[in-house]
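Asker: Supplied structure: protein_19.csv, CSV, C-alpha atoms.
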```csv
chain,number,residue,atom,x,y,z
A,1,MET,CA,52.7,-121.7,42.1
A,2,LEU,CA,49.2,-120.5,43.1
A,3,LEU,CA,47.5,-123.0,40.8
A,4,HIS,CA,49.8,-125.8,42.1
A,5,ASP,CA,49.3,-124.9,45.7
A,6,THR,CA,45.5,-124.6,45.2
A,7,ALA,CA,45.4,-128.0,43.5
A,8,LEU,CA,47.3,-129.6,46.4
A,9,ILE,CA,44.9,-128.1,49.0
A,10,TYR,CA,41.9,-128.9,46.9
A,11,GLY,CA,42.9,-132.5,46.5
A,12,ARG,CA,43.6,-132.9,50.2
A,13,TYR,CA,40.2,-131.8,51.3
A,14,LEU,CA,38.3,-133.4,48.4
A,15,ARG,CA,39.8,-136.8,49.4
A,16,GLN,CA,38.6,-136.1,53.0
A,17,SER,CA,35.1,-135.5,51.6
A,18,LEU,CA,35.1,-138.6,49.4
A,19,ARG,CA,36.1,-140.8,52.4
A,20,SER,CA,33.0,-139.5,54.2
A,21,ARG,CA,30.3,-140.6,51.7
A,22,PHE,CA,27.6,-140.6,54.3
A,23,ALA,CA,28.2,-136.9,55.1
A,24,LEU,CA,28.4,-136.2,51.4
A,25,LEU,CA,24.9,-137.5,50.8
A,26,PHE,CA,23.5,-136.4,54.1
A,27,GLY,CA,24.3,-132.7,53.3
A,28,ALA,CA,21.5,-132.7,50.7
A,29,LEU,CA,18.9,-134.1,53.1
A,30,MET,CA,17.3,-130.8,54.2
A,31,PRO,CA,16.6,-129.5,50.7
A,32,LEU,CA,15.3,-133.0,49.7
A,33,LEU,CA,12.9,-133.0,52.6
A,34,TYR,CA,11.6,-129.6,51.5
A,35,LEU,CA,11.2,-130.9,48.0
A,36,LEU,CA,9.3,-134.0,49.1
A,37,PHE,CA,7.1,-132.6,51.9
A,38,PHE,CA,6.8,-128.9,51.0
A,39,GLY,CA,6.8,-129.0,47.2
A,40,PRO,CA,3.6,-130.9,46.7
A,41,LEU,CA,1.8,-128.3,48.9
A,42,LEU,CA,2.5,-125.6,46.3
A,43,THR,CA,1.2,-127.5,43.2
A,44,GLY,CA,-1.6,-125.6,41.6
A,45,LEU,CA,-1.3,-122.5,43.9
A,46,PRO,CA,-1.1,-119.0,42.3
A,47,LEU,CA,2.4,-118.1,43.3
A,48,GLY,CA,2.7,-114.9,41.3
A,49,GLY,CA,5.6,-116.0,39.1
A,50,ARG,CA,6.2,-117.6,35.7
A,51,GLY,CA,6.4,-121.3,35.3
A,52,SER,CA,5.3,-124.1,37.5
A,53,SER,CA,5.6,-124.4,41.3
A,54,TRP,CA,8.6,-126.6,40.8
A,55,GLN,CA,10.3,-124.0,38.7
A,56,LEU,CA,9.9,-121.6,41.6
A,57,LEU,CA,10.8,-123.9,44.4
A,58,VAL,CA,13.8,-125.8,43.1
A,59,PRO,CA,15.9,-122.7,42.4
A,60,GLY,CA,15.3,-121.6,45.9
A,61,LEU,CA,16.3,-125.0,47.3
A,62,LEU,CA,19.5,-125.1,45.2
A,63,LEU,CA,20.6,-121.7,46.7
A,64,GLN,CA,19.4,-122.8,50.2
A,65,LEU,CA,21.8,-125.7,49.8
A,66,GLY,CA,24.7,-123.4,49.1
A,67,LEU,CA,23.6,-120.8,51.7
A,68,PHE,CA,23.5,-123.1,54.7
A,69,GLY,CA,26.2,-125.6,53.6
A,70,ALA,CA,28.8,-122.9,52.9
A,71,ALA,CA,27.9,-120.7,55.8
A,72,PHE,CA,28.7,-123.4,58.3
A,73,ALA,CA,31.8,-124.6,56.6
A,74,GLY,CA,33.9,-122.6,59.0
A,75,PHE,CA,33.4,-125.3,61.7
A,76,ALA,CA,36.1,-127.3,60.0
A,77,VAL,CA,38.6,-124.5,60.4
A,78,ILE,CA,37.8,-124.1,64.1
A,79,ILE,CA,38.6,-127.8,64.6
A,80,GLU,CA,41.8,-127.6,62.5
A,81,ASN,CA,42.9,-124.5,64.4
A,82,GLY,CA,42.4,-126.3,67.7
A,83,GLN,CA,44.4,-129.3,66.5
A,84,GLY,CA,47.3,-127.2,65.1
A,85,VAL,CA,46.7,-128.2,61.5
A,86,LEU,CA,46.4,-124.5,60.3
A,87,GLU,CA,49.6,-123.6,62.2
A,88,ARG,CA,51.6,-126.3,60.4
A,89,MET,CA,50.2,-125.2,57.0
A,90,ARG,CA,51.2,-121.6,57.7
A,91,VAL,CA,54.8,-122.5,58.2
A,92,THR,CA,55.0,-124.1,54.8
A,93,PRO,CA,55.7,-121.9,51.7
A,94,VAL,CA,52.1,-122.6,50.3
A,95,SER,CA,50.2,-119.5,49.1
A,96,ARG,CA,47.8,-118.1,51.7
A,97,LEU,CA,45.3,-117.6,48.9
A,98,ALA,CA,45.6,-121.2,48.0
A,99,LEU,CA,44.8,-122.2,51.6
A,100,LEU,CA,41.5,-120.5,51.1
A,101,LEU,CA,40.8,-121.3,47.5
A,102,GLY,CA,41.5,-125.0,47.9
A,103,ARG,CA,38.9,-125.2,50.6
A,104,VAL,CA,36.1,-123.2,48.9
A,105,LEU,CA,36.6,-125.0,45.6
A,106,ARG,CA,36.3,-128.3,47.4
A,107,ASP,CA,33.0,-127.0,49.0
A,108,ALA,CA,31.8,-125.8,45.6
A,109,THR,CA,32.4,-129.3,44.1
A,110,VAL,CA,30.6,-131.0,46.9
A,111,PHE,CA,27.5,-128.7,46.8
A,112,VAL,CA,27.2,-128.8,43.1
A,113,PHE,CA,27.2,-132.6,43.3
A,114,GLN,CA,24.5,-132.4,45.9
A,115,ALA,CA,22.6,-129.9,43.7
A,116,VAL,CA,22.7,-132.4,40.8
A,117,LEU,CA,21.1,-135.0,43.1
A,118,LEU,CA,18.5,-132.5,44.1
A,119,VAL,CA,17.6,-131.6,40.6
A,120,LEU,CA,17.4,-135.3,39.6
A,121,ALA,CA,14.9,-135.9,42.4
A,122,ALA,CA,12.9,-132.8,41.4
A,123,VAL,CA,12.7,-134.0,37.8
A,124,ALA,CA,11.3,-137.3,39.1
A,125,MET,CA,8.7,-135.3,41.0
A,126,GLY,CA,7.6,-133.2,38.0
A,127,LEU,CA,10.2,-130.5,37.4
A,128,ARG,CA,10.6,-129.5,33.8
A,129,ALA,CA,13.3,-126.9,33.0
A,130,PRO,CA,15.7,-126.2,30.1
A,131,LEU,CA,19.2,-127.7,30.3
A,132,PRO,CA,20.9,-124.3,30.0
A,133,GLY,CA,18.8,-123.0,32.8
A,134,VAL,CA,19.7,-125.9,35.0
A,135,LEU,CA,23.4,-125.5,34.3
A,136,ILE,CA,23.1,-121.8,35.1
A,137,GLY,CA,21.6,-122.7,38.4
A,138,PHE,CA,24.6,-124.9,39.2
A,139,ALA,CA,27.0,-122.0,38.3
A,140,PHE,CA,25.1,-119.8,40.8
A,141,VAL,CA,25.4,-122.5,43.5
A,142,ALA,CA,29.1,-122.7,42.9
A,143,LEU,CA,29.6,-118.9,43.1
A,144,LEU,CA,27.4,-118.7,46.3
A,145,THR,CA,29.4,-121.5,47.9
A,146,VAL,CA,32.8,-119.8,47.1
A,147,SER,CA,31.6,-116.4,48.4
A,148,LEU,CA,29.9,-117.6,51.6
A,149,GLY,CA,32.6,-120.3,52.3
A,150,SER,CA,35.3,-117.6,52.1
A,151,LEU,CA,33.4,-115.4,54.7
A,152,SER,CA,32.6,-118.5,56.9
A,153,TYR,CA,36.3,-119.5,57.0
A,154,ALA,CA,37.3,-115.9,57.7
A,155,MET,CA,34.8,-115.7,60.6
A,156,ALA,CA,36.0,-119.0,61.9
A,157,MET,CA,39.5,-117.6,62.1
A,158,LYS,CA,38.3,-114.8,64.3
A,159,VAL,CA,36.4,-116.8,66.9
A,160,ALA,CA,37.8,-119.2,69.6
A,161,THR,CA,35.1,-121.8,69.9
A,162,PRO,CA,32.2,-123.4,68.0
A,163,GLN,CA,29.8,-122.0,70.6
A,164,GLU,CA,30.6,-118.5,69.4
A,165,PHE,CA,30.6,-119.4,65.7
A,166,GLY,CA,27.2,-121.3,65.5
A,167,PRO,CA,24.9,-118.6,66.9
A,168,ALA,CA,26.6,-115.9,64.8
A,169,VAL,CA,26.1,-117.8,61.6
A,170,ASN,CA,22.5,-118.6,62.5
A,171,ALA,CA,21.8,-114.9,63.1
A,172,LEU,CA,22.9,-114.1,59.6
A,173,THR,CA,21.6,-117.1,57.6
A,174,MET,CA,18.0,-117.3,58.9
A,175,PRO,CA,17.1,-113.6,58.0
A,176,SER,CA,18.9,-114.1,54.7
A,177,MET,CA,16.8,-117.1,53.9
A,178,LEU,CA,13.5,-115.5,54.9
A,179,LEU,CA,14.2,-112.2,53.1
A,180,SER,CA,15.6,-113.6,49.8
A,181,GLY,CA,12.5,-115.5,48.8
A,182,LEU,CA,14.1,-118.9,48.7
A,183,MET,CA,10.8,-120.7,49.6
A,184,LEU,CA,8.3,-118.4,48.0
A,185,PRO,CA,8.7,-115.4,45.6
A,186,MET,CA,8.8,-112.1,47.3
A,187,SER,CA,6.1,-110.8,45.0
A,188,LEU,CA,3.7,-112.5,47.4
A,189,ALA,CA,5.0,-110.4,50.3
A,190,PRO,CA,3.7,-107.0,51.6
A,191,GLY,CA,5.2,-104.0,50.0
A,192,TRP,CA,7.5,-103.1,52.9
A,193,LEU,CA,8.9,-106.7,53.1
A,194,ASP,CA,9.5,-106.7,49.3
A,195,VAL,CA,11.4,-103.5,49.6
A,196,LEU,CA,13.5,-104.8,52.5
A,197,SER,CA,14.4,-107.9,50.6
A,198,HIS,CA,16.2,-105.9,47.9
A,199,PHE,CA,18.9,-105.2,50.5
A,200,VAL,CA,19.7,-108.9,50.7
A,201,PRO,CA,22.1,-109.9,47.9
A,202,PHE,CA,20.7,-113.5,47.7
A,203,ARG,CA,17.4,-112.1,46.5
A,204,TYR,CA,19.0,-111.2,43.1
A,205,LEU,CA,20.5,-114.7,42.8
A,206,VAL,CA,17.2,-116.4,43.4
A,207,ASP,CA,15.4,-114.2,40.9
A,208,ALA,CA,18.1,-114.9,38.3
A,209,VAL,CA,18.0,-118.7,38.7
A,210,ARG,CA,14.2,-118.7,38.5
A,211,ASP,CA,14.3,-116.8,35.2
A,212,ALA,CA,16.8,-119.4,34.0
A,213,TYR,CA,14.5,-122.2,34.9
A,214,VAL,CA,11.8,-120.8,32.7
A,215,GLY,CA,14.2,-120.2,29.8
A,216,SER,CA,14.6,-116.5,30.2
A,217,TYR,CA,18.3,-115.6,30.0
A,218,ALA,CA,18.5,-112.0,28.7
A,219,THR,CA,16.5,-110.3,31.6
A,220,ALA,CA,17.2,-107.7,34.2
A,221,HIS,CA,17.0,-110.3,36.9
A,222,MET,CA,19.7,-112.3,35.2
A,223,LEU,CA,22.0,-109.2,34.8
A,224,TYR,CA,21.6,-108.2,38.4
A,225,GLY,CA,22.1,-111.7,39.6
A,226,VAL,CA,25.3,-112.2,37.7
A,227,VAL,CA,26.7,-108.8,38.8
A,228,VAL,CA,25.8,-109.4,42.4
A,229,ALA,CA,27.2,-113.0,42.4
A,230,LEU,CA,30.5,-112.0,40.8
A,231,GLY,CA,30.9,-108.9,42.9
A,232,PHE,CA,30.0,-110.7,46.2
A,233,THR,CA,32.4,-113.5,45.3
A,234,ALA,CA,35.3,-111.2,44.6
A,235,LEU,CA,34.7,-109.2,47.8
A,236,SER,CA,34.4,-112.4,49.9
A,237,VAL,CA,37.5,-114.0,48.6
A,238,THR,CA,39.5,-110.8,49.1
A,239,VAL,CA,38.3,-110.6,52.7
A,240,GLY,CA,39.0,-114.3,53.4
A,241,THR,CA,42.5,-114.1,51.9
A,242,ARG,CA,43.3,-111.1,54.0
A,243,VAL,CA,42.2,-112.9,57.2
A,244,PHE,CA,44.2,-116.0,56.3
A,245,ARG,CA,47.3,-113.8,55.7
A,246,THR,CA,47.1,-111.9,58.9
A,247,ALA,CA,45.7,-114.5,61.4
A,248,GLY,CA,48.4,-115.7,63.7
A,249,ALA,CA,50.9,-113.3,62.3
```
As C-alpha cells - that is how I would like this structure written.
Answerer:
Amino acid sequence: MLLHDTALIYGRYLRQSLRSRFALLFGALMPLLYLLFFGPLLTGLPLGGRGSSWQLLVPGLLLQLGLFGAAFAGFAVIIENGQGVLERMRVTPVSRLALLLGRVLRDATVFVFQAVLLVLAAVAMGLRAPLPGVLIGFAFVALLTVSLGSLSYAMAMKVATPQEFGPAVNALTMPSMLLSGLMLPMSLAPGWLDVLSHFVPFRYLVDAVRDAYVGSYATAHMLYGVVVALGFTALSVTVGTRVFRTAGA
C-alpha cells in the first residue's frame, strides 16, 4: 500500500509539473547563468583542486540546484494548506509517509532533469568528465533534493504564511551555500573558514561529486559524502513524516 499510495501522489504532482513546462525549464536558469557568466572567469585560474575549472564549478552548481530548489519547495504546501487540499488528503486512507515521499520524489525527478540540462550545457562549454562521475553527481542531487525537500515541507507545515517561510529558508540556505564551497573549493579559504565549513553537511557532498568528476571514486571524500548524504536523507524523511502525521491532529 505504501508503494501504491506513493505512486499515486507522485503521479499527481508530476503531472502538475509537466503541465508547467516553463517553470520546469526556468528552475535551471540560475545555475545556467552562473555557468555562462561565472564559469569563464575561472578558466586558467589556480583553484587548488584537481581537474579543470569546469570540473570544480559544475558539481557545485548541480548541488546548488538541489539546495535552493528543494529548500523552497515548501511554498507549495503552504498554498495547499490554505486551500484545504492537505486537509482533504488527510481524511483519506493514504499513507502519511506517501504524502511526503510522493512530493519529494517528484522534486527529485524534476531537479535531476534540470541537472541533465545543466551538464549538457557545461559539456558544450568545455566540461569533460567521466560518465560514471556524472551519474554519481545526479544521484547526489536526488538525495539532496529528497532530504531538503522533506525538511522544507516539514517547516512549511509549521508556519502560517509565506512571509514567515521565505526569510527562514533564506537564513539557512545562504550560509550553507557560502560555507559548503559550492562556487569555489574551500581549500582557497582561510584556515578558520575551512574548519567552520566542515560543520556544514553539504561540504562533504560537494567534495564527493568533485572527486567523481575527475574519476576518483574510492576516496575518503566519496565515503564521507555517501555516508552524510544517506544519513541526512534518512533523518530528514523521518522528521518530515513525523510532522505530516502529527500536523492537524
Asker: Please identify all polymer residues within 12 Å of A:Ala115, counting all atoms listed in the file, omitting same-chain residues fewer than 4 positions from it, and present them as a ChimeraX atom specification.
Answerer: /A:24-25,27-32,58-66,69,108-111,119-122,134-142,145
Asker: Could you check which of A:Gly133, A:Ala171, A:Leu18, A:Leu57 is closest to A:Leu41, using only C-alpha atoms?
Answerer: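 Using only C-alpha atoms, A:Leu41 sits closest to A:Leu57.
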Asker: Considering all atoms listed in the file, state which residue in the set A:Pro132, A:Pro167, A:Gly149, A:Gly39 is at the smallest distance from A:Phe232.
Answerer: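 Looking at the shortest contact to A:Phe232, the residue is A:Gly149.
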Asker: Taking into account all atoms listed in the file, which residue in the set A:Gly51, A:Gly181, A:Gly126, A:Gly11 is nearest to A:Pro201?
Answerer: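 Once distances to A:Pro201 are computed over all atoms listed in the file, the minimum belongs to A:Gly181.
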Asker: I want to know what sits within 7 Å of stretch 218-231 of chain A, based on only C-alpha atoms, with residues of the same chain fewer than 6 positions away left out; could you give that as a ChimeraX atom specification?
Answerer: /A:143-144,201,204-205,207-208
Asker: Looking at only C-alpha atoms, which of A:Met155, A:Ala189, A:Leu100, A:Leu35 is the one that sits closest to A:Phe75?
Answerer: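 The closest residue to A:Phe75 is A:Met155.
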